Amino acid sequence: MTNRKIQRLLVANRGEIACRIFRTAKAMGMHTIAVFSDADANARHVKMAHECHRLGTSTATDSYLNIQAIVQAAKVSGADAVHPGYGFLSENHALAQALDQAGIIFIGPSSNAIELMGDKRRAKQFVARAGVPLLPGFSEENASNDQLINAAQEIGFPLMVKAAHGGGGRGMRLVLAAEQLAAAIDSARAEARNAFGSDALLIERALTQPRHIEIQIFSDQHGQCVYLGERDCSVQRRHQKVIEEAPAVDLPAPLRQAMGEAAVRIALSCDYVGAGTVEFLVEQEQFYFLEMNTRLQVEHPVTEAIYGVDLVQWQLQIAQGAPLPKTQQQLVPRGHAIEVRLYAEDPAQNFMPQIGRMALWQSLEQAHQRTDHMLFNGAEITQWYDPLLAKLIAWGESRDAAIQQLCNQIDATIALGVNHNLGFLRRICTHPGFTEAPPTTQFLITYDIARPSEAAMTQARAAACLYAFTRAQPNNKSHHALSQLSHAKQQRWLHNGAGFQATLDARQWCNGTLILHLNDEQALHLERCSYTDNQISFTLDHQCIHAFVGHNEHQIFVQLKSDHYTFERNKLITNADTASASGNLNAPMDGQVLAILCESGQVVNAGDTLLLLEAMKMELPIKATATGEATLMCQVGDQVRQGQCLVNIAPAPENCAAPSDHMQQTKTAFKSTVGK
């Protein structure tokens, strides 16, 4: 049992979670130590710490996944303890073991508990012996494709293919019918191999309308364990959580108690110490074990909000040998809390991850509102890591009050310079399917609310054009400068791959009206215009429009009703489909070529996936936009830049198409290159 005082704490992580841990550690009087990669040399967590140490280059494997470098940094800095945060090495038993051998405290459970629960196959067998319900499945060690396919016929469809080592939605595929299974296994293996270093898979029966509910547990070194209620994490996209709330709505008290007691039973049976989360799927008042996360969760703030505790403080106290601060009877929740995750991704472009520089960041924290983030004006968002930027957390006496608090918080948050999902999050929070009933994991499949409305996009274009024309005037501090335009002015723009032309006519400004023509078709009458450095307002169709605006050398940024838009300036107008069909498939963002699924000289069809690009911990398929002969312009493992040509497709003769079986054979032949 550890009974040592922690005076110097190293956080082996980055981003908002490192900043969040430093906040508590400083409040406890600890000396804080940051580690960083080259990409994070100027990151917020580095600025927050008392001291910092470089780990390596920008790649995660050379920095935040480098156990040797982290242990060395802990030794050199004289750290008493290392907090792993979440992600990266937080559930890696080898790190816990290496720190223990070096005489440094690991803030978390033992390496044995991490290893046990990190192997989904062993974990399921273990909890089954503890009497916890499981979904029907197949989890033989190192199961072959044929074994998985044969087992699937007995289990039935729909089913889920999962990585045996890992989580976070990676290496996971939903399979609705037998003909989809082989491709799903190949894809899941490839993603699991690259994400977790192991391509071992398991399969289990999939539920059609489940709720994803998890239990927060805490154990000390004296054999005591409690559960701090549950969190509902059902609103997910691609098996990754988007919104979390506590407590779960309409969960019967007996079911809540049974799940809590099952989670405690699991923790005690593996001698667990510290913070942990046991995840369940719930359908028709029956629960099934999903997995156990042996770390602090991203969504821990909602539990903190309803119980009035600091879970990081609990972690640090328990790691020093202290008993649990509260008993089960003393843990009484109050009110309701909701958290949303702000990601650098563009919902209007199929949630494509985004990179860039934050031009303006502003978050307003009032009573019952909290923002955990990694941002500041000028912060660089790179392709190297997860696109999570911040978490917005709101508390209210009721769920309705918490939703309203959260909407107010979203409205007051400004993040200019990188496309993000804030508007998408607000649409979820105000959708009747979320506000009026407990959502299931099918919520974002059932409701298509990713994109802003066409009216909102038109308003954003108007705001960008008005901002650009105003700034172009000699006296750009005043909108009255527009009266100097004695003739119509034109500019060309590119937004989400589509070009458009804007013509501003200010000759009627003396009557209080500006006329904006988009593509010489749509005429917008803008009235009562006003402009300051980062805000622009006008009236359009009797609606008062207010937007935040910013710019760099080539782009203008608009945040309108929480949605973020990026407009490229001084671009020739092109038709996106024509440009794609003309020959080049370009990288949508910086990343690494993960796999190539075709070969030079091969005829491919429009819609075929030709290669996989990995960026910001996501696997991005690059698909052919036309039928033609492919010429590869890259190799597996290449680091590519946004806009770089990956594949050239030469136009094919009419009625020429690639046989579908040939494309499948090519994918099979090339799948062995993935991850090498």
# chains A, B, ... in the order shown; residues from 1 in each chain; ligands from 1

call {"tool": "closest_atom_pairs", "arguments": {"of": "stretch 234-258 of chain A", "to": "stretch 412-432 of chain A", "cutoff": "10 Å", "atoms": "only C-alpha atoms", "output": "CSV"}}
result
residue,atom,partner,partner_atom,distance
A:Val235,CA,A:Ile428,CA,9.0
A:Val242,CA,A:Leu425,CA,8.1
A:Ile243,CA,A:Leu425,CA,8.1

call {"tool": "closest_atom_pairs", "arguments": {"of": "stretch 406-499 of chain A", "to": "stretch 247-255 of chain A", "cutoff": "12 Å", "atoms": "only C-alpha atoms", "output": "tab-separated table"}}
result
residue	atom	partner	partner_atom	distance
A:Phe434	CA	A:Val249	CA	10.8
A:Thr435	CA	A:Val249	CA	10.5
A:Glu436	CA	A:Val249	CA	10.3
A:Ala437	CA	A:Val249	CA	8.1
A:Pro438	CA	A:Val249	CA	6.0
A:Pro439	CA	A:Val249	CA	9.2
A:Thr440	CA	A:Val249	CA	11.3

call {"tool": "write_last_selection", "arguments": {"atoms": "C-alpha atoms", "output": "PDB file, in the first residue's frame"}}
result
ATOM      1  CA  PHE A 434     -33.439  14.881 -26.937  1.00  0.00           C
ATOM      2  CA  THR A 435     -35.454  17.215 -24.722  1.00  0.00           C
ATOM      3  CA  GLU A 436     -38.663  15.190 -24.490  1.00  0.00           C
ATOM      4  CA  ALA A 437     -37.407  11.615 -24.134  1.00  0.00           C
ATOM      5  CA  PRO A 438     -34.270   9.735 -23.119  1.00  0.00           C
ATOM      6  CA  PRO A 439     -32.224   9.336 -26.329  1.00  0.00           C
ATOM      7  CA  THR A 440     -30.807   6.000 -27.442  1.00  0.00           C
TER       8      THR A 440
END

call {"tool": "closest_atom_pairs", "arguments": {"of": "stretch 386-497 of chain A", "to": "stretch 594-616 of chain A", "cutoff": "12 Å", "atoms": "only C-alpha atoms", "output": "JSON lines"}}
result
{"residue": "A:Asp386", "atom": "CA", "partner": "A:Met616", "partner_atom": "CA", "distance": 4.7}
{"residue": "A:Pro387", "atom": "CA", "partner": "A:Met616", "partner_atom": "CA", "distance": 5.9}
{"residue": "A:Leu388", "atom": "CA", "partner": "A:Met616", "partner_atom": "CA", "distance": 9.3}
{"residue": "A:Leu389", "atom": "CA", "partner": "A:Met616", "partner_atom": "CA", "distance": 11.9}

call {"tool": "write_last_selection", "arguments": {"atoms": "C-alpha atoms", "output": "short mmCIF file (atom, residue, chain, number, x, y, z; two decimals), in the first residue's frame"}}
result
data_model
loop_
_atom_site.label_atom_id
_atom_site.label_comp_id
_atom_site.auth_asym_id
_atom_site.auth_seq_id
_atom_site.Cartn_x
_atom_site.Cartn_y
_atom_site.Cartn_z
CA ASP A 386 -7.51 13.91 -31.21
CA PRO A 387 -9.66 16.89 -32.36
CA LEU A 388 -11.24 17.45 -28.91
CA LEU A 389 -10.82 21.14 -28.06
#

call {"tool": "closest_atom_pairs", "arguments": {"of": "stretch 6-94 of chain A", "to": "stretch 301-313 of chain A", "cutoff": "9 Å", "atoms": "only C-alpha atoms", "output": "Markdown table"}}
result
| residue | atom | partner | partner_atom | distance |
| --- | --- | --- | --- | --- |
| A:Arg20 | CA | A:Val312 | CA | 8.7 |
| A:Ile21 | CA | A:Val312 | CA | 6.6 |
| A:Thr24 | CA | A:Gln313 | CA | 6.4 |
| A:Ala25 | CA | A:Gln313 | CA | 7.5 |
| A:Met28 | CA | A:Gln313 | CA | 7.9 |

call {"tool": "select_by_dssp", "arguments": {"residues": "stretch 493-603 of chain A", "states": "strand (DSSP E or B)", "output": "VMD selection string"}}
result
chain A and resid 493 to 495 498 to 505 513 to 518 522 to 531 535 to 540 543 to 551 555 to 560 563 to 569 584 to 586 591 to 596 603

call {"tool": "residues_around", "arguments": {"residues": "stretch 33-47 of chain A", "least_positions_apart": "3", "cutoff": "10 Å", "atoms": "only C-alpha atoms", "output": "ChimeraX atom specification"}}
result
/A:8-22,30,50-60,62-64,69-70,73-74,77-79,82,373-376,378-385

call {"tool": "residues_around", "arguments": {"residues": "A:Pro452", "least_positions_apart": "4", "cutoff": "10 Å", "atoms": "only C-alpha atoms", "output": "list in words"}}
result
Pro347, Ala348, Gly423, Phe424, Arg427, Ala456, Met457, Leu560, Lys561, Ser562, Asp563 and His564 of chain A

call {"tool": "write_last_selection", "arguments": {"atoms": "C-alpha atoms", "output": "PDB file, in the first residue's frame"}}
result
ATOM      1  CA  PRO A 347     -20.461  18.664 -39.478  1.00  0.00           C
ATOM      2  CA  ALA A 348     -21.306  20.105 -42.922  1.00  0.00           C
ATOM      3  CA  GLY A 423     -23.813  24.637 -33.682  1.00  0.00           C
ATOM      4  CA  PHE A 424     -24.425  20.911 -34.149  1.00  0.00           C
ATOM      5  CA  ARG A 427     -29.201  21.601 -32.373  1.00  0.00           C
ATOM      6  CA  ALA A 456     -28.347  30.112 -41.984  1.00  0.00           C
ATOM      7  CA  MET A 457     -25.685  29.399 -44.605  1.00  0.00           C
ATOM      8  CA  LEU A 560     -23.273  32.526 -36.649  1.00  0.00           C
ATOM      9  CA  LYS A 561     -25.760  30.923 -34.257  1.00  0.00           C
ATOM     10  CA  SER A 562     -22.837  28.822 -32.949  1.00  0.00           C
ATOM     11  CA  ASP A 563     -22.042  27.347 -36.395  1.00  0.00           C
ATOM     12  CA  HIS A 564     -18.592  28.116 -37.799  1.00  0.00           C
TER      13      HIS A 564
END

call {"tool": "select_by_dssp", "arguments": {"residues": "stretch 78-119 of chain A", "states": "helix (DSSP H, G or I)", "output": "list in words"}}
result
His93, Ala94, Leu95, Ala96, Gln97, Ala98, Leu99, Asp100, Gln101, Ser111, Asn112, Ala113, Ile114, Glu115, Leu116, Met117 and Gly118 of chain A

call {"tool": "residues_around", "arguments": {"residues": "A:Asn519", "least_positions_apart": "3", "cutoff": "10 Å", "atoms": "only C-alpha atoms", "output": "JSON, numbers by chain"}}
result
{"A": [492, 499, 500, 501, 502, 503, 516, 522, 523]}

call {"tool": "write_last_selection", "arguments": {"atoms": "N, CA and C atoms", "output": "PDB file, in the first residue's frame"}}
result
ATOM      1  N   ARG A 492     -14.639  36.869 -55.231  1.00  0.00           N
ATOM      2  CA  ARG A 492     -14.867  35.445 -55.461  1.00  0.00           C
ATOM      3  C   ARG A 492     -14.519  34.668 -54.200  1.00  0.00           C
ATOM      4  N   GLY A 499     -17.567  27.076 -55.280  1.00  0.00           N
ATOM      5  CA  GLY A 499     -17.253  28.473 -55.518  1.00  0.00           C
ATOM      6  C   GLY A 499     -18.506  29.311 -55.710  1.00  0.00           C
ATOM      7  N   PHE A 500     -18.435  30.570 -55.317  1.00  0.00           N
ATOM      8  CA  PHE A 500     -19.526  31.492 -55.614  1.00  0.00           C
ATOM      9  C   PHE A 500     -18.962  32.905 -55.748  1.00  0.00           C
ATOM     10  N   GLN A 501     -19.721  33.728 -56.465  1.00  0.00           N
ATOM     11  CA  GLN A 501     -19.333  35.115 -56.695  1.00  0.00           C
ATOM     12  C   GLN A 501     -20.277  36.031 -55.932  1.00  0.00           C
ATOM     13  N   ALA A 502     -19.706  37.047 -55.287  1.00  0.00           N
ATOM     14  CA  ALA A 502     -20.502  38.009 -54.530  1.00  0.00           C
ATOM     15  C   ALA A 502     -20.306  39.395 -55.121  1.00  0.00           C
ATOM     16  N   THR A 503     -21.409  40.074 -55.345  1.00  0.00           N
ATOM     17  CA  THR A 503     -21.376  41.446 -55.858  1.00  0.00           C
ATOM     18  C   THR A 503     -22.132  42.346 -54.888  1.00  0.00           C
ATOM     19  N   LEU A 516     -26.728  42.723 -51.979  1.00  0.00           N
ATOM     20  CA  LEU A 516     -25.696  41.708 -52.195  1.00  0.00           C
ATOM     21  C   LEU A 516     -26.231  40.665 -53.161  1.00  0.00           C
ATOM     22  N   GLN A 522     -29.190  35.408 -56.554  1.00  0.00           N
ATOM     23  CA  GLN A 522     -29.878  35.740 -55.310  1.00  0.00           C
ATOM     24  C   GLN A 522     -29.531  37.166 -54.893  1.00  0.00           C
ATOM     25  N   ALA A 523     -30.527  38.004 -54.759  1.00  0.00           N
ATOM     26  CA  ALA A 523     -30.323  39.388 -54.339  1.00  0.00           C
ATOM     27  C   ALA A 523     -30.758  39.538 -52.887  1.00  0.00           C
TER      28      ALA A 523
END

call {"tool": "residues_around", "arguments": {"residues": "stretch 141-153 of chain A", "least_positions_apart": "3", "cutoff": "9 Å", "atoms": "only C-alpha atoms", "output": "PyMOL selection string"}}
result
chain A and resi 121-122+137-138+156-157+159+164+178+181-182+185-186+199-205

call {"tool": "write_last_selection", "arguments": {"atoms": "C-alpha atoms", "output": "PDB file, in the first residue's frame"}}
result
ATOM      1  CA  ARG A 121     -12.015 -10.975 -24.011  1.00  0.00           C
ATOM      2  CA  ARG A 122     -10.579 -11.700 -20.553  1.00  0.00           C
ATOM      3  CA  GLY A 137     -20.856 -13.297 -28.229  1.00  0.00           C
ATOM      4  CA  PHE A 138     -17.652 -15.009 -29.284  1.00  0.00           C
ATOM      5  CA  GLY A 156     -27.255 -13.975 -35.416  1.00  0.00           C
ATOM      6  CA  PHE A 157     -27.530 -10.441 -36.779  1.00  0.00           C
ATOM      7  CA  LEU A 159     -23.933  -7.935 -34.355  1.00  0.00           C
ATOM      8  CA  ALA A 164     -10.299  -6.966 -28.196  1.00  0.00           C
ATOM      9  CA  ALA A 178     -23.968 -11.690 -43.243  1.00  0.00           C
ATOM     10  CA  LEU A 181     -19.278  -9.318 -42.186  1.00  0.00           C
ATOM     11  CA  ALA A 182     -16.042 -10.119 -44.075  1.00  0.00           C
ATOM     12  CA  ILE A 185     -13.733  -7.786 -40.010  1.00  0.00           C
ATOM     13  CA  ASP A 186     -10.979  -6.631 -42.379  1.00  0.00           C
ATOM     14  CA  ASP A 199      -5.723  -6.790 -34.441  1.00  0.00           C
ATOM     15  CA  ALA A 200      -7.470  -9.298 -32.159  1.00  0.00           C
ATOM     16  CA  LEU A 201     -11.265  -9.088 -32.475  1.00  0.00           C
ATOM     17  CA  LEU A 202     -14.373 -10.358 -30.770  1.00  0.00           C
ATOM     18  CA  ILE A 203     -18.011 -10.278 -31.807  1.00  0.00           C
ATOM     19  CA  GLU A 204     -21.223  -9.894 -29.836  1.00  0.00           C
ATOM     20  CA  ARG A 205     -24.923  -9.482 -30.478  1.00  0.00           C
TER      21      ARG A 205
END

call {"tool": "atom_distance", "arguments": {"atom1": "atom CA of A:Gln97", "atom2": "atom CA of A:Ser110"}}
result
8.0 Å

call {"tool": "residues_around", "arguments": {"residues": "A:Arg4", "least_positions_apart": "3", "cutoff": "9 Å", "atoms": "only C-alpha atoms", "output": "JSON, numbers by chain"}}
result
{"A": [80, 105, 319, 320, 321]}
